[in-house]
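What follows is a single structure, written as structure tokens, with notes after it.
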Amino acid sequence: MFSILVTIAAIALGIAAFLLLPEFRRRETVQKNSLFVSEFVQSQQHEQQWIIDGDRARELLKQGAILLDARPENPLHRRIARPVAWQDFSQPHSPHRGKLLQDDAVLTAKLQSLGIDRDRPVVVFGDPLRGWGEEGRIVWMLRTLGHSQTYLVDGGVKALGNISLTSAPKQGDFTVQRVSTWEIGVNELRTAIAQDRLVVIDSREAREYQGQTPYGESRGGHLAKAIHLYYKDLLDEEGKLLGRETIFAKLQEKGIVPEMAIAVYCTGGVRSAWLTAVLVDMGFEVKNYSGSMWEWSSLPANHYPLINH
């Protein structure tokens, strides 16, 4: 009798488990999907948010983020930030000085020596008022090389205030995995202009746009249909970005709206990289032409024209 009861109980438990298994699997699937969606949302936020304020920067640094100082001369913060120069990651010879090095192994070694890790955020600051957008170039570079948690500090060194790091970063483990989303080459840009597939923004000074060549360009002028928007016109007197509504209004005045695909250039892809970072953060689809005027002006004028007015 006892054995019969045990058998019946075992059968009942088996039936119950069979009936509950789909529900268990459903819940497990929902949990996995929820985790995936959460990771996807976080990924999308990382992809679009390129600019952070001083408070958020200090918060990330307390959590162990790497701090990079992109200013050409930065004696005050060398003890707490790694100095970084965009030229160290760019091709050394004209007319390609604005373009990133082609050897990913070399780039990987250089970034690892700065302590760059795959999963550790990187915070980059500069001097917005006196600089040339170097911090934007470094952020654009790291994003393009595959680091999705790299951020530019709005307001630069002043916005950071007094900061202290507990220890200097050690050798990093980041490996370059290039992303083409925010970069455009000369021939792709030339074709896109001919087919009227994107808006081109010239982020240089007005004198350069009008034809002067103060920084070693082979020819002067601007690309056909290029809209002039000097990148520093988006900063206030303190070196912070203007309000988003103000920036949107400035762009709209020039006929630039979020639905448009955009390519940005300057002389060597530094100022344009800064503007790319700002516009991506605001939700625009933007590509930086890193070869910029150094490269374009060196090419045959009949195929790569410039306008001088």
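By convention here, the chains of the structure tokens are called A, B, ... in the order presented, each chain's residues are numbered starting at 1, and ligands are numbered starting at 1 in the order presented.
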Going by DSSP on the backbone, which residues of segment 83-241 of chain A come out as strand (DSSP E or B)? List them as JSON, numbers by chain.
{"A": [83, 90, 100, 122, 123, 124, 125, 150, 151, 152, 153, 183, 199, 200, 201, 202, 222, 227, 228, 235, 241]}
Please save C-alpha atoms of the selected residues as a JSON list (two decimals), in the first residue's frame.
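Dumped everything to again_4.json:
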[["chain", "number", "residue", "atom", "x", "y", "z"],
["A", 83, "PRO", "CA", 48.11, 63.68, -21.06],
["A", 90, "SER", "CA", 47.25, 60.20, -36.51],
["A", 100, "LEU", "CA", 43.93, 58.01, -37.93],
["A", 122, "VAL", "CA", 37.00, 57.28, -20.24],
["A", 123, "VAL", "CA", 36.53, 60.96, -19.37],
["A", 124, "VAL", "CA", 38.29, 63.51, -21.59],
["A", 125, "PHE", "CA", 38.70, 67.21, -20.92],
["A", 150, "THR", "CA", 34.09, 57.74, -23.80],
["A", 151, "TYR", "CA", 32.83, 61.18, -22.75],
["A", 152, "LEU", "CA", 33.73, 64.83, -23.30],
["A", 153, "VAL", "CA", 33.48, 67.14, -20.28],
["A", 183, "GLU", "CA", 33.67, 58.52, -40.04],
["A", 199, "VAL", "CA", 24.53, 68.17, -45.58],
["A", 200, "VAL", "CA", 28.16, 69.30, -45.33],
["A", 201, "ILE", "CA", 29.25, 71.57, -42.48],
["A", 202, "ASP", "CA", 32.49, 73.58, -42.53],
["A", 222, "HIS", "CA", 35.24, 75.42, -49.07],
["A", 227, "ILE", "CA", 27.31, 75.37, -44.69],
["A", 228, "HIS", "CA", 29.59, 77.46, -42.51],
["A", 235, "LEU", "CA", 30.09, 77.93, -26.71],
["A", 241, "LEU", "CA", 27.96, 74.59, -24.57]]
Considering only C-alpha atoms, tabulate each residue of segment 95-142 of chain A that lies at most 7 Å from segment 271-280 of chain A along with its nearest interatomic pair and the corresponding distance in Å to one decimal; arrange the rows by chain and ascending residue number and present them as a Markdown table.
| residue | atom | partner | partner_atom | distance |
| --- | --- | --- | --- | --- |
| A:Trp132 | CA | A:Arg271 | CA | 6.0 |
| A:Gly133 | CA | A:Arg271 | CA | 5.1 |
| A:Gly136 | CA | A:Trp274 | CA | 3.8 |
| A:Arg137 | CA | A:Ala273 | CA | 4.8 |
| A:Trp140 | CA | A:Ala273 | CA | 5.9 |
Could you write those residues out with N, CA, C and O atoms, as a PDB file, in the first residue's frame?
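Produced file selection38.pdb, reproduced below:
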ATOM      1  N   TRP A 132      41.581  73.820 -29.530  1.00  0.00           N
ATOM      2  CA  TRP A 132      41.134  73.622 -30.900  1.00  0.00           C
ATOM      3  C   TRP A 132      40.141  72.468 -31.007  1.00  0.00           C
ATOM      4  O   TRP A 132      39.949  71.913 -32.080  1.00  0.00           O
ATOM      5  N   GLY A 133      39.546  72.107 -29.878  1.00  0.00           N
ATOM      6  CA  GLY A 133      38.622  70.983 -29.904  1.00  0.00           C
ATOM      7  C   GLY A 133      39.318  69.645 -29.746  1.00  0.00           C
ATOM      8  O   GLY A 133      38.764  68.604 -30.117  1.00  0.00           O
ATOM      9  N   GLY A 136      37.386  66.851 -28.157  1.00  0.00           N
ATOM     10  CA  GLY A 136      36.401  66.245 -29.046  1.00  0.00           C
ATOM     11  C   GLY A 136      37.039  65.258 -30.004  1.00  0.00           C
ATOM     12  O   GLY A 136      36.458  64.218 -30.332  1.00  0.00           O
ATOM     13  N   ARG A 137      38.243  65.578 -30.467  1.00  0.00           N
ATOM     14  CA  ARG A 137      38.964  64.669 -31.363  1.00  0.00           C
ATOM     15  C   ARG A 137      39.262  63.343 -30.655  1.00  0.00           C
ATOM     16  O   ARG A 137      39.101  62.260 -31.239  1.00  0.00           O
ATOM     17  N   TRP A 140      35.951  61.411 -30.234  1.00  0.00           N
ATOM     18  CA  TRP A 140      35.565  60.851 -31.535  1.00  0.00           C
ATOM     19  C   TRP A 140      36.460  59.679 -31.914  1.00  0.00           C
ATOM     20  O   TRP A 140      35.991  58.641 -32.397  1.00  0.00           O
TER      21      TRP A 140
END
Where in segment 45-175 of chain A does DSSP assign helix (DSSP H, G or I), given as a ChimeraX atom specification?
/A:45-48,54-62,75-77,86-89,104-113,134-144,156-160
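What separates atom CA of Leu68 of chain A from atom CA of Asp236 of chain A is a distance of 23.2 Å.
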Hey, what's within 12 Å of Gln212 of chain A if we count only C-alpha atoms and toss same-chain stuff fewer than 5 positions away? As a PDB file with C-alpha atoms, in the first residue's frame, please?
ATOM      1  CA  ARG A 204      36.438  76.428 -39.533  1.00  0.00           C
ATOM      2  CA  GLU A 205      36.817  80.171 -39.101  1.00  0.00           C
ATOM      3  CA  ALA A 206      35.040  82.456 -41.584  1.00  0.00           C
ATOM      4  CA  ARG A 207      38.347  83.524 -43.191  1.00  0.00           C
ATOM      5  CA  GLU A 217      46.232  73.772 -47.025  1.00  0.00           C
ATOM      6  CA  SER A 218      47.275  73.265 -50.646  1.00  0.00           C
ATOM      7  CA  ARG A 219      44.290  75.253 -51.935  1.00  0.00           C
ATOM      8  CA  GLY A 220      41.788  77.583 -50.310  1.00  0.00           C
ATOM      9  CA  GLY A 221      38.013  77.723 -50.202  1.00  0.00           C
ATOM     10  CA  HIS A 222      35.242  75.416 -49.066  1.00  0.00           C
ATOM     11  CA  THR A 267      41.531  71.505 -41.639  1.00  0.00           C
ATOM     12  CA  MET A 293      41.101  70.269 -46.053  1.00  0.00           C
ATOM     13  CA  LEU A 306      36.717  74.260 -53.801  1.00  0.00           C
ATOM     14  CA  ILE A 307      34.653  77.433 -53.833  1.00  0.00           C
ATOM     15  CA  ASN A 308      36.248  80.791 -52.930  1.00  0.00           C
ATOM     16  CA  HIS A 309      33.463  83.119 -51.858  1.00  0.00           C
TER      17      HIS A 309
END
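Within the 8 Å cut-off around Ala85 of chain A, using only C-alpha atoms and omitting residues fewer than 5 positions from it on the same chain, the listed residues are A:Ala70, A:Arg71, A:Pro72, A:Glu134.
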With all heavy atoms retained, could you export that selection as a PDB file, in the first residue's frame?
ATOM      1  N   ALA A  70      43.436  66.426 -22.762  1.00  0.00           N
ATOM      2  CA  ALA A  70      43.741  66.603 -24.180  1.00  0.00           C
ATOM      3  C   ALA A  70      44.373  67.949 -24.492  1.00  0.00           C
ATOM      4  O   ALA A  70      44.627  68.242 -25.665  1.00  0.00           O
ATOM      5  CB  ALA A  70      42.461  66.428 -24.998  1.00  0.00           C
ATOM      6  N   ARG A  71      44.632  68.782 -23.486  1.00  0.00           N
ATOM      7  CA  ARG A  71      45.227  70.092 -23.764  1.00  0.00           C
ATOM      8  C   ARG A  71      46.679  69.935 -24.219  1.00  0.00           C
ATOM      9  O   ARG A  71      47.398  69.061 -23.717  1.00  0.00           O
ATOM     10  CB  ARG A  71      45.182  70.960 -22.512  1.00  0.00           C
ATOM     11  CG  ARG A  71      43.771  71.313 -22.056  1.00  0.00           C
ATOM     12  CD  ARG A  71      43.798  72.042 -20.725  1.00  0.00           C
ATOM     13  NE  ARG A  71      44.379  71.183 -19.679  1.00  0.00           N
ATOM     14  CZ  ARG A  71      44.778  71.624 -18.492  1.00  0.00           C
ATOM     15  NH1 ARG A  71      44.661  72.903 -18.198  1.00  0.00           N
ATOM     16  NH2 ARG A  71      45.268  70.789 -17.596  1.00  0.00           N
ATOM     17  N   PRO A  72      47.135  70.773 -25.145  1.00  0.00           N
ATOM     18  CA  PRO A  72      48.529  70.686 -25.592  1.00  0.00           C
ATOM     19  C   PRO A  72      49.523  70.892 -24.447  1.00  0.00           C
ATOM     20  O   PRO A  72      50.570  70.249 -24.405  1.00  0.00           O
ATOM     21  CB  PRO A  72      48.632  71.810 -26.637  1.00  0.00           C
ATOM     22  CG  PRO A  72      47.239  71.997 -27.113  1.00  0.00           C
ATOM     23  CD  PRO A  72      46.362  71.754 -25.922  1.00  0.00           C
ATOM     24  N   GLU A 134      40.529  69.667 -29.174  1.00  0.00           N
ATOM     25  CA  GLU A 134      41.307  68.429 -29.043  1.00  0.00           C
ATOM     26  C   GLU A 134      40.564  67.356 -28.259  1.00  0.00           C
ATOM     27  O   GLU A 134      40.649  66.161 -28.585  1.00  0.00           O
ATOM     28  CB  GLU A 134      42.649  68.716 -28.355  1.00  0.00           C
ATOM     29  CG  GLU A 134      43.589  69.600 -29.139  1.00  0.00           C
ATOM     30  CD  GLU A 134      43.450  71.078 -28.788  1.00  0.00           C
ATOM     31  OE1 GLU A 134      42.456  71.432 -28.124  1.00  0.00           O
ATOM     32  OE2 GLU A 134      44.331  71.868 -29.182  1.00  0.00           O
TER      33      GLU A 134
END
May I ask which of the residues A:Glu245, A:Glu208, A:Asp281, A:Glu73 is the closest one to Trp50 of chain A, counting only C-alpha atoms?
A:Asp281
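When only C-alpha atoms are used to compute distances to Ile80 of chain A, the closest of the residues A:Gly126, A:Thr144, A:Ile163, A:Ile116 turns out to be A:Ile163.
Minimum atom-to-atom distance to Ser180 of chain A, evaluated using only C-alpha atoms, belongs to A:Met141 out of A:Ala105, A:Ala57, A:Met141, A:Ala261.
The interatomic distance for the pair atom CA of Leu160 of chain A and atom CA of Lys62 of chain A works out to 12.5 Å.
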Let me make sure I understand: among A:Leu299, A:Val179, A:Leu198, A:Ala226, which one has the smallest atom-to-atom distance to Ile262 of chain A if we use only C-alpha atoms?
A:Leu198
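Residues surrounding Asp173 of chain A within 10 Å are Thr108, Ala109, Leu111, Gln112, Ser113, Gly115, Ile116, Asp117, Arg118, Asp119 and Arg120 of chain A [only C-alpha atoms; sequence separation below 6 positions excluded].
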